[in-house]
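A.B. asks: Attaching a single structure in structure tokens format; questions to follow.
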Amino acid sequence: MTGLRADGLRFSYGNREILRDMGFAPLQPGKLTALIGPNTSGKSTLFRVIAGLLRAKAGTVHLGDLDLRTLTARKRLQQICFMPQMFTANAALTVFDVVMMAQKQLKGWTVTNDDIDAVARALDMGGIGHLAEAYVSELSGGQSQMVSVVQALVRHSDVYLFDEPTSALDLRHQLDVLGRIKAAMVERNTIGVVALHDLNLAARFADHLLLLGRGRILAEGAPDQVLRTNAISETYGVDIEISEGPRKDLLVHAY
């Protein structure tokens, strides 16, 4: 497996064009890419097109030399793991149950010892092993969000797409969720893309940024490059100033 890239993607909802000849250079394994851009810029739509849940009117998505359009829906699900924004699960199920359902989604429903071990490892990777027997109705917002992340991580895919995994979380849980996602991408040497609103979180955790606006990728590259471009201010409609924090990380100030 090599990089994930898109070329010439076009997608519309009726007469409203969302993606306009959109493309980006290959995203590399072992790196975390942040997809940034204002509300309604098309981040969720792009994820759904990559995952095969929406069909582009034109353009291609490649994983290495593989054109993802040639895959069956089942095979595409195996290679691309998409975590949507909302966590939903039956309240009568335990955390272990919902993660096991993700583990068995593409493998049939007979549970083996290997499946049990895989779920236990994923729960530990997410730092929620102690919640295995808790019912999902008992969880806090941060815990529920991490369960959703673990449902993705229990699968071994080539590409992981996380749509706003820090939405509605307090700062501690935002840092915890993104830190664990990044660690998993490095450990597995796989491709991770996370859609984020918070530019400071993107600057802190991402190795690579994609700035989406007006249906296109307006800038891409390392955070210190993208965040210093005029495209950031123009896309968000605010003045942006970049400074360096005490840990040499970038701090984004909006005016």
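The chains in the structure tokens are called A, B, ... from first to last as shown; in each chain the residues are counted from 1, and the ligands are counted from 1 in the order shown.
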For range 224-235 of chain A, list every protein, DNA or RNA residue within 9 Å, evaluated using only C-alpha atoms, and leave out those in the same chain fewer than 6 positions away; present the list as a list in words.
C.D. replies: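 Non-adjacent residues within range: Gly37, Pro38, Leu199, Ala203, His208, Leu209, Leu210, Leu211, Leu212, Gly213, Arg214, Leu218, Glu241, Ile242, Leu250, Val252 and Ala254 of chain A.
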A.B. asks: Mind checking DSSP for range 18-146 of chain A and telling me the strand (DSSP E or B) residues as a ChimeraX atom specification?
C.D. replies: /A:18-27,32-36,58-63,66-67,80-83,94,135
A.B. asks: Extract, using only C-alpha atoms, all DNA, RNA and protein residues at most 10 Å from Leu169 in chain A, discarding same-chain residues fewer than 2 positions from it, and format them as a PyMOL selection string.
C.D. replies: chain A and resi 140-143+145+165-167+171-175+177
A.B. asks: Take the residues from that selection and write them out as an mmCIF file, in the first residue's frame, keeping N, CA, C and O atoms.
C.D. replies:
```cif
data_model
loop_
_atom_site.group_PDB
_atom_site.id
_atom_site.type_symbol
_atom_site.label_atom_id
_atom_site.label_comp_id
_atom_site.auth_asym_id
_atom_site.auth_seq_id
_atom_site.Cartn_x
_atom_site.Cartn_y
_atom_site.Cartn_z
ATOM 1 N N SER A 140 -20.251 9.103 29.317
ATOM 2 C CA SER A 140 -20.183 10.540 29.095
ATOM 3 C C SER A 140 -19.975 10.800 27.606
ATOM 4 O O SER A 140 -19.701 9.882 26.820
ATOM 5 N N GLY A 141 -20.062 12.072 27.217
ATOM 6 C CA GLY A 141 -19.849 12.412 25.819
ATOM 7 C C GLY A 141 -18.462 12.031 25.343
ATOM 8 O O GLY A 141 -18.285 11.491 24.244
ATOM 9 N N GLY A 142 -17.451 12.294 26.176
ATOM 10 C CA GLY A 142 -16.083 11.943 25.806
ATOM 11 C C GLY A 142 -15.880 10.451 25.692
ATOM 12 O O GLY A 142 -15.199 9.970 24.767
ATOM 13 N N GLN A 143 -16.471 9.696 26.600
ATOM 14 C CA GLN A 143 -16.363 8.239 26.550
ATOM 15 C C GLN A 143 -17.064 7.681 25.312
ATOM 16 O O GLN A 143 -16.541 6.781 24.646
ATOM 17 N N GLN A 145 -17.537 9.202 22.490
ATOM 18 C CA GLN A 145 -16.746 9.525 21.311
ATOM 19 C C GLN A 145 -15.567 8.578 21.164
ATOM 20 O O GLN A 145 -15.219 8.153 20.059
ATOM 21 N N PRO A 165 -13.995 13.976 15.127
ATOM 22 C CA PRO A 165 -14.003 13.107 16.313
ATOM 23 C C PRO A 165 -13.938 13.866 17.628
ATOM 24 O O PRO A 165 -14.139 13.271 18.690
ATOM 25 N N THR A 166 -13.664 15.176 17.590
ATOM 26 C CA THR A 166 -13.573 15.953 18.831
ATOM 27 C C THR A 166 -14.769 16.871 19.027
ATOM 28 O O THR A 166 -14.763 17.691 19.941
ATOM 29 N N SER A 167 -15.791 16.749 18.188
ATOM 30 C CA SER A 167 -16.942 17.648 18.303
ATOM 31 C C SER A 167 -17.614 17.476 19.659
ATOM 32 O O SER A 167 -17.816 16.367 20.145
ATOM 33 N N LEU A 171 -11.724 20.095 26.440
ATOM 34 C CA LEU A 171 -10.340 20.152 25.954
ATOM 35 C C LEU A 171 -9.563 18.886 26.298
ATOM 36 O O LEU A 171 -8.811 18.359 25.462
ATOM 37 N N ARG A 172 -9.730 18.371 27.503
ATOM 38 C CA ARG A 172 -8.968 17.181 27.898
ATOM 39 C C ARG A 172 -9.302 16.000 26.992
ATOM 40 O O ARG A 172 -8.410 15.265 26.549
ATOM 41 N N HIS A 173 -10.587 15.814 26.710
ATOM 42 C CA HIS A 173 -10.984 14.693 25.859
ATOM 43 C C HIS A 173 -10.574 14.923 24.396
ATOM 44 O O HIS A 173 -10.271 13.965 23.683
ATOM 45 N N GLN A 174 -10.569 16.181 23.947
ATOM 46 C CA GLN A 174 -10.079 16.457 22.597
ATOM 47 C C GLN A 174 -8.624 16.016 22.450
ATOM 48 O O GLN A 174 -8.255 15.348 21.469
ATOM 49 N N LEU A 175 -7.799 16.394 23.419
ATOM 50 C CA LEU A 175 -6.380 16.032 23.367
ATOM 51 C C LEU A 175 -6.202 14.520 23.451
ATOM 52 O O LEU A 175 -5.355 13.947 22.747
ATOM 53 N N VAL A 177 -8.409 12.086 22.593
ATOM 54 C CA VAL A 177 -8.887 11.413 21.387
ATOM 55 C C VAL A 177 -7.886 11.570 20.247
ATOM 56 O O VAL A 177 -7.499 10.591 19.592
#
```
A.B. asks: Could you jot down the CA of Met22 in chain A to CA of Val238 in chain A separation for me, Å, one decimal place?
C.D. replies: 23.7 Å
A.B. asks: Residues at most 10 Å from Met125 in chain A, counting only C-alpha atoms, excluding those fewer than 5 positions away in the same chain, as a VMD selection string?
C.D. replies: chain A and resid 119 to 120 150 153 to 154 180 to 181 183 to 184
A.B. asks: Restrict the selected residues to N, CA and C atoms and save them as a CSV table (one decimal), in the first residue's frame.
C.D. replies:
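The file below, selection_7.csv, is the result:
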```csv
chain,number,residue,atom,x,y,z
A,119,VAL,N,-10.8,-7.1,20.1
A,119,VAL,CA,-11.6,-6.1,20.8
A,119,VAL,C,-11.0,-5.6,22.1
A,120,ALA,N,-10.4,-6.5,22.8
A,120,ALA,CA,-9.7,-6.1,24.1
A,120,ALA,C,-8.5,-5.2,23.8
A,150,VAL,N,-12.8,3.7,18.8
A,150,VAL,CA,-12.3,2.3,19.0
A,150,VAL,C,-13.1,1.4,18.0
A,153,LEU,N,-10.9,1.7,15.1
A,153,LEU,CA,-9.6,1.1,15.3
A,153,LEU,C,-9.6,-0.4,15.4
A,154,VAL,N,-10.7,-1.0,15.8
A,154,VAL,CA,-10.7,-2.5,15.9
A,154,VAL,C,-10.6,-3.1,14.5
A,180,ARG,N,-4.6,9.6,20.8
A,180,ARG,CA,-4.7,8.2,20.6
A,180,ARG,C,-4.9,7.9,19.1
A,181,ILE,N,-5.6,8.7,18.4
A,181,ILE,CA,-5.7,8.5,16.9
A,181,ILE,C,-4.4,8.6,16.2
A,183,ALA,N,-1.4,8.2,17.6
A,183,ALA,CA,-0.5,7.1,18.0
A,183,ALA,C,-0.9,5.8,17.2
A,184,ALA,N,-2.2,5.6,17.0
A,184,ALA,CA,-2.6,4.4,16.3
A,184,ALA,C,-2.1,4.4,14.8
```
A.B. asks: I'd like the contact shell of Ala134 in chain A - 10 Å cut-off, only C-alpha atoms, skipping same-chain residues fewer than 5 positions apart - returned as a list of chain:residue names.
C.D. replies: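 In the requested format, the answer is A:Leu93, A:Thr94, A:Val95, A:Phe96, A:Asp97, A:Leu139.
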A.B. asks: Using N, CA, C and O atoms, can you write the selected residues to a file as a JSON list (two decimals), in the first residue's frame?
C.D. replies:
```
[["chain", "number", "residue", "atom", "x", "y", "z"],
["A", 93, "LEU", "N", -26.80, -2.29, 24.81],
["A", 93, "LEU", "CA", -25.54, -2.95, 24.53],
["A", 93, "LEU", "C", -24.43, -2.40, 25.40],
["A", 93, "LEU", "O", -24.43, -1.22, 25.77],
["A", 94, "THR", "N", -23.46, -3.25, 25.68],
["A", 94, "THR", "CA", -22.28, -2.80, 26.40],
["A", 94, "THR", "C", -21.25, -2.25, 25.41],
["A", 94, "THR", "O", -21.35, -2.46, 24.20],
["A", 95, "VAL", "N", -20.23, -1.57, 25.95],
["A", 95, "VAL", "CA", -19.15, -1.07, 25.12],
["A", 95, "VAL", "C", -18.48, -2.23, 24.37],
["A", 95, "VAL", "O", -18.19, -2.13, 23.17],
["A", 96, "PHE", "N", -18.24, -3.34, 25.08],
["A", 96, "PHE", "CA", -17.63, -4.50, 24.43],
["A", 96, "PHE", "C", -18.50, -4.97, 23.26],
["A", 96, "PHE", "O", -17.98, -5.32, 22.19],
["A", 97, "ASP", "N", -19.82, -4.99, 23.45],
["A", 97, "ASP", "CA", -20.74, -5.45, 22.41],
["A", 97, "ASP", "C", -20.63, -4.61, 21.14],
["A", 97, "ASP", "O", -20.55, -5.15, 20.04],
["A", 139, "LEU", "N", -22.47, 6.25, 29.44],
["A", 139, "LEU", "CA", -21.22, 6.91, 29.10],
["A", 139, "LEU", "C", -21.35, 8.43, 29.02],
["A", 139, "LEU", "O", -22.41, 8.95, 28.66]]
```
A.B. asks: Hey, what does DSSP flag as alpha helix (DSSP H) within range 11-253 of chain A? Can you give it to me as a compact mmCIF listing (two decimals) with N, CA, C and O atoms, in the first residue's frame?
C.D. replies:
```
# COMPACT_ATOMS: atom_id res chain seq x y z
N LYS A 43 -16.33 18.88 3.78
CA LYS A 43 -15.44 17.89 4.40
C LYS A 43 -16.13 16.53 4.54
O LYS A 43 -15.56 15.50 4.18
N SER A 44 -17.35 16.52 5.07
CA SER A 44 -18.06 15.25 5.24
C SER A 44 -18.40 14.62 3.89
O SER A 44 -18.32 13.40 3.73
N THR A 45 -18.75 15.46 2.91
CA THR A 45 -19.03 14.94 1.57
C THR A 45 -17.79 14.28 0.98
O THR A 45 -17.87 13.19 0.40
N LEU A 46 -16.65 14.93 1.11
CA LEU A 46 -15.41 14.34 0.60
C LEU A 46 -15.14 12.99 1.24
O LEU A 46 -14.78 12.02 0.55
N PHE A 47 -15.30 12.90 2.55
CA PHE A 47 -15.09 11.62 3.23
C PHE A 47 -16.03 10.54 2.68
O PHE A 47 -15.62 9.41 2.45
N ARG A 48 -17.28 10.90 2.46
CA ARG A 48 -18.24 9.91 1.97
C ARG A 48 -17.94 9.48 0.53
O ARG A 48 -18.18 8.33 0.17
N VAL A 49 -17.41 10.39 -0.26
CA VAL A 49 -17.00 10.01 -1.62
C VAL A 49 -15.82 9.07 -1.56
O VAL A 49 -15.78 8.04 -2.26
N ILE A 50 -14.83 9.38 -0.73
CA ILE A 50 -13.66 8.50 -0.61
C ILE A 50 -14.08 7.12 -0.12
O ILE A 50 -13.59 6.09 -0.61
N ALA A 51 -14.99 7.09 0.86
CA ALA A 51 -15.44 5.82 1.43
C ALA A 51 -16.36 5.04 0.50
O ALA A 51 -16.64 3.86 0.75
N ALA A 73 -18.33 -2.97 -3.12
CA ALA A 73 -18.65 -2.20 -1.92
C ALA A 73 -18.04 -2.85 -0.68
O ALA A 73 -17.52 -2.16 0.21
N ARG A 74 -18.08 -4.16 -0.60
CA ARG A 74 -17.54 -4.87 0.56
C ARG A 74 -16.02 -4.69 0.67
O ARG A 74 -15.49 -4.44 1.75
N LYS A 75 -15.34 -4.80 -0.48
CA LYS A 75 -13.89 -4.66 -0.48
C LYS A 75 -13.49 -3.23 -0.12
O LYS A 75 -12.50 -3.01 0.60
N ARG A 76 -14.26 -2.27 -0.59
CA ARG A 76 -13.95 -0.88 -0.26
C ARG A 76 -14.13 -0.64 1.23
O ARG A 76 -13.34 0.09 1.85
N LEU A 77 -15.14 -1.25 1.84
CA LEU A 77 -15.33 -1.14 3.28
C LEU A 77 -14.17 -1.73 4.05
O LEU A 77 -13.83 -1.27 5.14
N GLN A 78 -13.56 -2.77 3.50
CA GLN A 78 -12.41 -3.37 4.16
C GLN A 78 -11.19 -2.46 4.12
O GLN A 78 -10.41 -2.42 5.07
N GLN A 79 -11.04 -1.71 3.05
CA GLN A 79 -9.84 -0.90 2.89
C GLN A 79 -9.99 0.51 3.44
O GLN A 79 -9.00 1.12 3.85
N VAL A 95 -20.23 -1.57 25.95
CA VAL A 95 -19.15 -1.07 25.12
C VAL A 95 -18.48 -2.23 24.37
O VAL A 95 -18.19 -2.13 23.17
N PHE A 96 -18.24 -3.34 25.08
CA PHE A 96 -17.63 -4.50 24.43
C PHE A 96 -18.50 -4.97 23.26
O PHE A 96 -17.98 -5.32 22.19
N ASP A 97 -19.82 -4.99 23.45
CA ASP A 97 -20.74 -5.45 22.41
C ASP A 97 -20.63 -4.61 21.14
O ASP A 97 -20.55 -5.15 20.04
N VAL A 98 -20.64 -3.27 21.29
CA VAL A 98 -20.66 -2.42 20.09
C VAL A 98 -19.33 -2.47 19.36
O VAL A 98 -19.28 -2.36 18.12
N VAL A 99 -18.24 -2.64 20.11
CA VAL A 99 -16.94 -2.77 19.43
C VAL A 99 -16.85 -4.13 18.74
O VAL A 99 -16.32 -4.23 17.63
N MET A 100 -17.40 -5.17 19.37
CA MET A 100 -17.42 -6.48 18.73
C MET A 100 -18.24 -6.45 17.44
O MET A 100 -17.89 -7.10 16.44
N MET A 101 -19.33 -5.69 17.43
CA MET A 101 -20.13 -5.58 16.21
C MET A 101 -19.31 -4.97 15.08
O MET A 101 -19.42 -5.40 13.93
N ALA A 102 -18.48 -3.99 15.41
CA ALA A 102 -17.60 -3.41 14.39
C ALA A 102 -16.56 -4.43 13.93
O ALA A 102 -16.25 -4.51 12.73
N GLN A 103 -16.05 -5.21 14.85
CA GLN A 103 -15.05 -6.23 14.53
C GLN A 103 -15.63 -7.27 13.56
O GLN A 103 -14.96 -7.74 12.64
N LYS A 104 -16.89 -7.62 13.75
CA LYS A 104 -17.50 -8.70 12.97
C LYS A 104 -18.25 -8.20 11.74
O LYS A 104 -18.80 -9.01 10.98
N ASN A 113 -12.03 -16.61 19.65
CA ASN A 113 -11.12 -16.08 20.66
C ASN A 113 -10.26 -14.96 20.09
O ASN A 113 -9.92 -13.99 20.79
N ASP A 114 -9.91 -15.07 18.81
CA ASP A 114 -9.13 -14.00 18.17
C ASP A 114 -9.93 -12.70 18.13
O ASP A 114 -9.37 -11.61 18.31
N ASP A 115 -11.24 -12.81 17.89
CA ASP A 115 -12.09 -11.61 17.89
C ASP A 115 -12.12 -10.97 19.28
O ASP A 115 -12.02 -9.75 19.41
N ILE A 116 -12.26 -11.79 20.29
CA ILE A 116 -12.30 -11.28 21.66
C ILE A 116 -10.99 -10.58 22.00
O ILE A 116 -10.98 -9.48 22.59
N ASP A 117 -9.87 -11.18 21.60
CA ASP A 117 -8.56 -10.56 21.86
C ASP A 117 -8.43 -9.24 21.09
O ASP A 117 -7.88 -8.26 21.61
N ALA A 118 -8.92 -9.21 19.84
CA ALA A 118 -8.81 -8.00 19.03
C ALA A 118 -9.62 -6.85 19.66
O ALA A 118 -9.16 -5.70 19.69
N VAL A 119 -10.81 -7.15 20.14
CA VAL A 119 -11.63 -6.13 20.79
C VAL A 119 -10.96 -5.63 22.06
O VAL A 119 -10.91 -4.42 22.32
N ALA A 120 -10.41 -6.54 22.85
CA ALA A 120 -9.73 -6.15 24.08
C ALA A 120 -8.54 -5.24 23.79
O ALA A 120 -8.32 -4.23 24.48
N ARG A 121 -7.77 -5.57 22.74
CA ARG A 121 -6.62 -4.73 22.38
C ARG A 121 -7.06 -3.35 21.92
O ARG A 121 -6.44 -2.33 22.26
N ALA A 122 -8.14 -3.30 21.14
CA ALA A 122 -8.63 -2.01 20.66
C ALA A 122 -9.14 -1.15 21.81
O ALA A 122 -8.90 0.07 21.84
N LEU A 123 -9.83 -1.76 22.76
CA LEU A 123 -10.30 -1.01 23.93
C LEU A 123 -9.12 -0.46 24.73
O LEU A 123 -9.16 0.69 25.20
N ASP A 124 -8.08 -1.26 24.87
CA ASP A 124 -6.89 -0.78 25.59
C ASP A 124 -6.20 0.34 24.82
O ASP A 124 -5.71 1.31 25.40
N MET A 125 -6.15 0.22 23.48
CA MET A 125 -5.53 1.26 22.65
C MET A 125 -6.27 2.58 22.83
O MET A 125 -5.66 3.65 22.84
N GLY A 141 -20.06 12.07 27.22
CA GLY A 141 -19.85 12.41 25.82
C GLY A 141 -18.46 12.03 25.34
O GLY A 141 -18.29 11.49 24.24
N GLY A 142 -17.45 12.29 26.18
CA GLY A 142 -16.08 11.94 25.81
C GLY A 142 -15.88 10.45 25.69
O GLY A 142 -15.20 9.97 24.77
N GLN A 143 -16.47 9.70 26.60
CA GLN A 143 -16.36 8.24 26.55
C GLN A 143 -17.06 7.68 25.31
O GLN A 143 -16.54 6.78 24.65
N SER A 144 -18.23 8.23 24.99
CA SER A 144 -18.96 7.77 23.81
C SER A 144 -18.17 8.03 22.54
O SER A 144 -18.12 7.19 21.63
N GLN A 145 -17.54 9.20 22.49
CA GLN A 145 -16.75 9.52 21.31
C GLN A 145 -15.57 8.58 21.16
O GLN A 145 -15.22 8.15 20.06
N MET A 146 -14.94 8.22 22.29
CA MET A 146 -13.82 7.29 22.22
C MET A 146 -14.27 5.90 21.81
O MET A 146 -13.55 5.18 21.10
N VAL A 147 -15.47 5.49 22.23
CA VAL A 147 -16.00 4.20 21.77
C VAL A 147 -16.13 4.21 20.25
O VAL A 147 -15.80 3.22 19.58
N SER A 148 -16.61 5.32 19.70
CA SER A 148 -16.73 5.41 18.25
C SER A 148 -15.37 5.30 17.57
O SER A 148 -15.22 4.62 16.55
N VAL A 149 -14.35 5.93 18.16
CA VAL A 149 -12.99 5.81 17.62
C VAL A 149 -12.51 4.37 17.70
O VAL A 149 -11.92 3.83 16.75
N VAL A 150 -12.78 3.71 18.81
CA VAL A 150 -12.34 2.32 18.99
C VAL A 150 -13.06 1.40 18.01
O VAL A 150 -12.48 0.42 17.51
N GLN A 151 -14.32 1.69 17.71
CA GLN A 151 -15.03 0.91 16.70
C GLN A 151 -14.30 0.97 15.35
O GLN A 151 -14.31 0.01 14.59
N ALA A 152 -13.68 2.11 15.08
CA ALA A 152 -12.89 2.21 13.84
C ALA A 152 -11.56 1.47 14.00
O ALA A 152 -11.15 0.71 13.11
N LEU A 153 -10.89 1.65 15.12
CA LEU A 153 -9.56 1.09 15.29
C LEU A 153 -9.55 -0.43 15.41
O LEU A 153 -8.52 -1.06 15.15
N LEU A 171 -11.72 20.10 26.44
CA LEU A 171 -10.34 20.15 25.95
C LEU A 171 -9.56 18.89 26.30
O LEU A 171 -8.81 18.36 25.46
N ARG A 172 -9.73 18.37 27.50
CA ARG A 172 -8.97 17.18 27.90
C ARG A 172 -9.30 16.00 26.99
O ARG A 172 -8.41 15.26 26.55
N HIS A 173 -10.59 15.81 26.71
CA HIS A 173 -10.98 14.69 25.86
C HIS A 173 -10.57 14.92 24.40
O HIS A 173 -10.27 13.96 23.68
N GLN A 174 -10.57 16.18 23.95
CA GLN A 174 -10.08 16.46 22.60
C GLN A 174 -8.62 16.02 22.45
O GLN A 174 -8.26 15.35 21.47
N LEU A 175 -7.80 16.39 23.42
CA LEU A 175 -6.38 16.03 23.37
C LEU A 175 -6.20 14.52 23.45
O LEU A 175 -5.36 13.95 22.75
N ASP A 176 -7.00 13.88 24.29
CA ASP A 176 -6.88 12.43 24.47
C ASP A 176 -7.28 11.69 23.18
O ASP A 176 -6.55 10.80 22.72
N VAL A 177 -8.41 12.09 22.59
CA VAL A 177 -8.89 11.41 21.39
C VAL A 177 -7.89 11.57 20.25
O VAL A 177 -7.50 10.59 19.59
N LEU A 178 -7.43 12.79 20.00
CA LEU A 178 -6.52 13.01 18.88
C LEU A 178 -5.15 12.38 19.13
O LEU A 178 -4.52 11.86 18.20
N GLY A 179 -4.70 12.41 20.37
CA GLY A 179 -3.43 11.77 20.69
C GLY A 179 -3.47 10.28 20.43
O GLY A 179 -2.51 9.69 19.89
N ARG A 180 -4.57 9.65 20.77
CA ARG A 180 -4.68 8.20 20.56
C ARG A 180 -4.86 7.86 19.09
O ARG A 180 -4.33 6.84 18.62
N ILE A 181 -5.59 8.69 18.36
CA ILE A 181 -5.72 8.45 16.92
C ILE A 181 -4.36 8.55 16.24
O ILE A 181 -3.98 7.69 15.44
N LYS A 182 -3.62 9.59 16.57
CA LYS A 182 -2.31 9.76 15.93
C LYS A 182 -1.37 8.60 16.28
O LYS A 182 -0.68 8.07 15.41
N ALA A 183 -1.36 8.20 17.56
CA ALA A 183 -0.50 7.09 17.97
C ALA A 183 -0.85 5.82 17.22
O ALA A 183 0.04 5.05 16.82
N ALA A 184 -2.15 5.58 17.00
CA ALA A 184 -2.57 4.37 16.28
C ALA A 184 -2.13 4.40 14.82
O ALA A 184 -1.71 3.39 14.27
N MET A 185 -2.20 5.57 14.19
CA MET A 185 -1.78 5.66 12.78
C MET A 185 -0.27 5.41 12.65
O MET A 185 0.18 4.75 11.71
N VAL A 186 0.49 5.93 13.61
CA VAL A 186 1.95 5.71 13.58
C VAL A 186 2.27 4.25 13.85
O VAL A 186 3.07 3.63 13.14
N GLU A 187 1.64 3.67 14.88
CA GLU A 187 1.91 2.28 15.24
C GLU A 187 1.57 1.33 14.11
O GLU A 187 2.30 0.38 13.84
N ARG A 188 0.46 1.58 13.42
CA ARG A 188 0.02 0.68 12.34
C ARG A 188 0.60 1.05 10.98
O ARG A 188 0.40 0.33 10.01
N LEU A 199 -8.23 24.94 14.44
CA LEU A 199 -6.94 25.02 13.76
C LEU A 199 -5.77 24.77 14.71
O LEU A 199 -4.71 24.29 14.29
N ASN A 200 -5.94 25.07 15.98
CA ASN A 200 -4.87 24.80 16.94
C ASN A 200 -4.69 23.31 17.16
O ASN A 200 -3.56 22.83 17.29
N LEU A 201 -5.78 22.56 17.19
CA LEU A 201 -5.67 21.11 17.30
C LEU A 201 -5.02 20.54 16.04
O LEU A 201 -4.19 19.63 16.11
N ALA A 202 -5.41 21.08 14.88
CA ALA A 202 -4.81 20.62 13.63
C ALA A 202 -3.31 20.88 13.62
O ALA A 202 -2.51 20.03 13.23
N ALA A 203 -2.91 22.07 14.07
CA ALA A 203 -1.49 22.42 14.10
C ALA A 203 -0.72 21.53 15.07
O ALA A 203 0.44 21.18 14.83
N ARG A 204 -1.36 21.16 16.17
CA ARG A 204 -0.67 20.38 17.21
C ARG A 204 -0.50 18.91 16.82
O ARG A 204 0.55 18.32 17.07
N PHE A 205 -1.52 18.32 16.22
CA PHE A 205 -1.50 16.86 16.02
C PHE A 205 -1.21 16.42 14.59
O PHE A 205 -0.75 15.29 14.39
N PRO A 223 1.82 21.77 8.41
CA PRO A 223 1.05 22.83 9.08
C PRO A 223 1.71 24.20 9.04
O PRO A 223 1.02 25.20 8.82
N ASP A 224 3.03 24.27 9.25
CA ASP A 224 3.67 25.58 9.26
C ASP A 224 3.64 26.26 7.90
O ASP A 224 3.74 27.48 7.80
N GLN A 225 3.47 25.47 6.84
CA GLN A 225 3.34 26.05 5.50
C GLN A 225 1.91 26.50 5.23
O GLN A 225 1.67 27.64 4.83
N VAL A 226 0.96 25.61 5.46
CA VAL A 226 -0.44 25.90 5.12
C VAL A 226 -1.00 27.02 5.98
O VAL A 226 -1.70 27.92 5.48
N ASN A 230 -2.03 32.93 2.68
CA ASN A 230 -3.17 33.85 2.64
C ASN A 230 -4.49 33.11 2.47
O ASN A 230 -5.55 33.63 2.82
N ALA A 231 -4.40 31.86 1.95
CA ALA A 231 -5.63 31.08 1.72
C ALA A 231 -6.39 30.83 3.02
O ALA A 231 -7.62 30.73 3.00
N ILE A 232 -5.69 30.71 4.14
CA ILE A 232 -6.36 30.48 5.43
C ILE A 232 -7.28 31.65 5.75
O ILE A 232 -8.47 31.49 6.04
N SER A 233 -6.74 32.86 5.75
CA SER A 233 -7.56 34.04 6.07
C SER A 233 -8.69 34.22 5.07
O SER A 233 -9.83 34.53 5.45
N GLU A 234 -8.41 34.01 3.80
CA GLU A 234 -9.43 34.19 2.76
C GLU A 234 -10.55 33.17 2.91
O GLU A 234 -11.73 33.48 2.72
N THR A 235 -10.19 31.92 3.26
CA THR A 235 -11.19 30.86 3.35
C THR A 235 -12.09 31.04 4.56
O THR A 235 -13.31 30.84 4.48
N TYR A 236 -11.50 31.41 5.69
CA TYR A 236 -12.28 31.54 6.92
C TYR A 236 -12.88 32.93 7.10
O TYR A 236 -13.74 33.14 7.96
```
A.B. asks: For a test of reading the model, state the distance in Å between CA of Asn15 in chain A and CA of Asp67 in chain A, rounded to one decimal.
C.D. replies: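 Pair CA of Asn15 in chain A / CA of Asp67 in chain A returns 27.2 Å.
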A.B. asks: Could you work out how far CA of Gly129 in chain A lies from CA of Thr110 in chain A, giving the answer in Å with one decimal?
C.D. replies: 22.3 Å
A.B. asks: Quick one: of A:Ser243, A:Val194, A:Gly23, A:Gly42, who's nearest to Glu220 in chain A, counting only C-alpha atoms?
C.D. replies: A:Gly23
A.B. asks: Would you mind telling me which residue in A:Asp7, A:Asp170, A:Asp239, A:Glu164 lies nearest to Leu63 in chain A when using only C-alpha atoms?
C.D. replies: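 When distances to Leu63 in chain A are compared using only C-alpha atoms, the smallest one comes from A:Asp7.
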